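> Take a look at the following structure, please.
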Amino acid sequence: MNSLTLLTFVLAAALGTALIRFLPARYAHHAADPRLERLLQGVPAAALGALLVTGFTSALPPHDLVTTALSLGVAALLAWRPGGVLWPVLGAVAVAATGLYIHLG
Amino acid sequence: MEKRRPGLIDPRALPIAVGYLPVAFAFGLSAVAIHLPGWFAVLLSLLVYAGASQFAALHLLASGTPFLAGIVAIWLINLRMALEALSFFRRVDWGHLRPHLSLLLTDETFVAASLGDAMSPAAYVRLVWLPYTAWVLGSLIGVLAGDLLPLLLRHAFGIAIEALFVSLLVGAVRADARTAWAAAAGAAGAILGSPLGGWSLVVGMVLGALAYFLATARAERAA
């Protein structure tokens, strides 16, 4: 593909993605039906569950699921006490680095 | 007592940015590896800012997918963001700023911004600017200097975003038990929808939202 085609590709992808984000945000307040509201309230937690599953197997190459589970377990334990997300994340990264060091050498 | 002024960065933005860096780095690296120009990777990160679809774009271009089919595939992968934007922006009253600020919404910043009290535009900007910068800079560094970061550390940082999700989920479940149902149904939906590729996230979000809806209705009936 030449540069002009690639540039058109980027611009078309960007324009479509911007509209996908922009239009619902612009008209979000028209979605005032209480049933829809109740439905949409669950979307963030649902996205969390879905993202956790889709990312679980690919978070740590080479598909080290034991280290992934241990790291996330540590993150959950550290998150149980309220106080921000930094320590759970750093704890998980430390466990992941240790696990990968043992796994990969 | 004097009220403490919030800093330039929302603490929740740090792990998101830290998680984005190696992924964006890998994205820049992959683009150059399949002989796409570096500017293409950086411009895609700058203007599209949606990881899954950007990696898909590389795959589609490398496999010779027709131009229009590639564009439509990217739009379809990003369609879930419409649901996220609708869910988040109905809770805030930011006037004309609302649609413009939606351009920096991603899966991760959406989740972080949505769980908790409604935000001000300034608080939202404090959350989203660093992940966006990390994403664009990570792509640029990936293009320019592929293998400077030790491999082990690059891999270990892959867990940062997942760990953030876990901490957000623990906090959300402690505040509202119904979110556990939504998250469990979201996870089940993503597993069931895995043959659909990028759509599995949408399946999960729809199922999770339904589960939350049913849990709320049940709680209201019991009350």
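The way I read the labels, and the way they are meant: chains A, B, ... in the order of the structure tokens, residue 1 as the first residue of every chain, and ligand 1 as the first ligand shown, with later ones counted on from there.
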Under the rule of at most 6 Å, produce a per-residue listing of chain A near chain B: chain, number, name, the closest pair of atoms, and the distance in Å, as a Markdown table, using only C-alpha atoms.


| residue | atom | partner | partner_atom | distance |
| --- | --- | --- | --- | --- |
| A:Val10 | CA | B:Leu44 | CA | 5.8 |
| A:Ala13 | CA | B:Ile71 | CA | 5.7 |
| A:Ala14 | CA | B:Val48 | CA | 4.6 |
| A:Ile20 | CA | B:Ala82 | CA | 5.3 |
| A:Arg21 | CA | B:Ala82 | CA | 5.4 |
| A:Phe22 | CA | B:Pro99 | CA | 4.8 |
| A:Pro24 | CA | B:Leu86 | CA | 4.9 |
| A:Ala25 | CA | B:Pro99 | CA | 5.0 |
| A:Arg26 | CA | B:Pro99 | CA | 4.9 |
| A:Ala28 | CA | B:Arg90 | CA | 4.7 |
| A:His29 | CA | B:Arg90 | CA | 5.0 |
| A:Arg38 | CA | B:Phe213 | CA | 5.8 |
| A:Leu39 | CA | B:Phe213 | CA | 5.1 |
| A:Leu40 | CA | B:Ser87 | CA | 5.3 |
| A:Gly42 | CA | B:Ala209 | CA | 4.3 |
| A:Val43 | CA | B:Ala209 | CA | 5.0 |
| A:Pro44 | CA | B:Val111 | CA | 5.3 |
| A:Ala45 | CA | B:Ala183 | CA | 5.0 |
| A:Ala46 | CA | B:Gly186 | CA | 4.2 |
| A:Ala47 | CA | B:Met205 | CA | 5.2 |
| A:Gly49 | CA | B:Ala183 | CA | 4.1 |
| A:Ala50 | CA | B:Ala187 | CA | 4.2 |
| A:Val53 | CA | B:Ala187 | CA | 5.6 |
| A:Ala59 | CA | B:Gly158 | CA | 5.2 |
| A:Leu60 | CA | B:Gly158 | CA | 5.9 |
| A:Leu72 | CA | B:Ala163 | CA | 5.6 |
| A:Ala75 | CA | B:Ala163 | CA | 5.7 |
| A:Ala76 | CA | B:Ser167 | CA | 5.8 |
| A:Ala79 | CA | B:Ser167 | CA | 5.0 |
| A:Val89 | CA | B:Ala163 | CA | 5.2 |
| A:Val93 | CA | B:Ala156 | CA | 5.7 |
| A:Ala96 | CA | B:Ala156 | CA | 5.2 |
| A:Ala97 | CA | B:Ala156 | CA | 4.9 |

> What residues in chain A get the DSSP label helix (DSSP H, G or I)? Please answer as a ChimeraX atom specification.

/A:3-30,34-41,43-56,65-80,86-104

> For a test of reading the model, state the distance in Å between atom CA of Leu100 of chain A and atom CA of Leu70 of chain A, rounded to one decimal.

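Atom-to-atom, atom CA of Leu100 of chain A and atom CA of Leu70 of chain A are spaced 11.6 Å apart.
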
> Which distance in Å separates atom CA of Val42 of chain B and atom CA of Val128 of chain B, to one decimal?

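Those two atoms sit 18.3 Å apart.
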
> Hey, which of A:Thr57, A:Ala92, A:Gln41, A:Met1 ends up closest to Thr65 of chain B? Count only C-alpha atoms.

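Answer, going by the shortest atom-to-atom distance: A:Met1.
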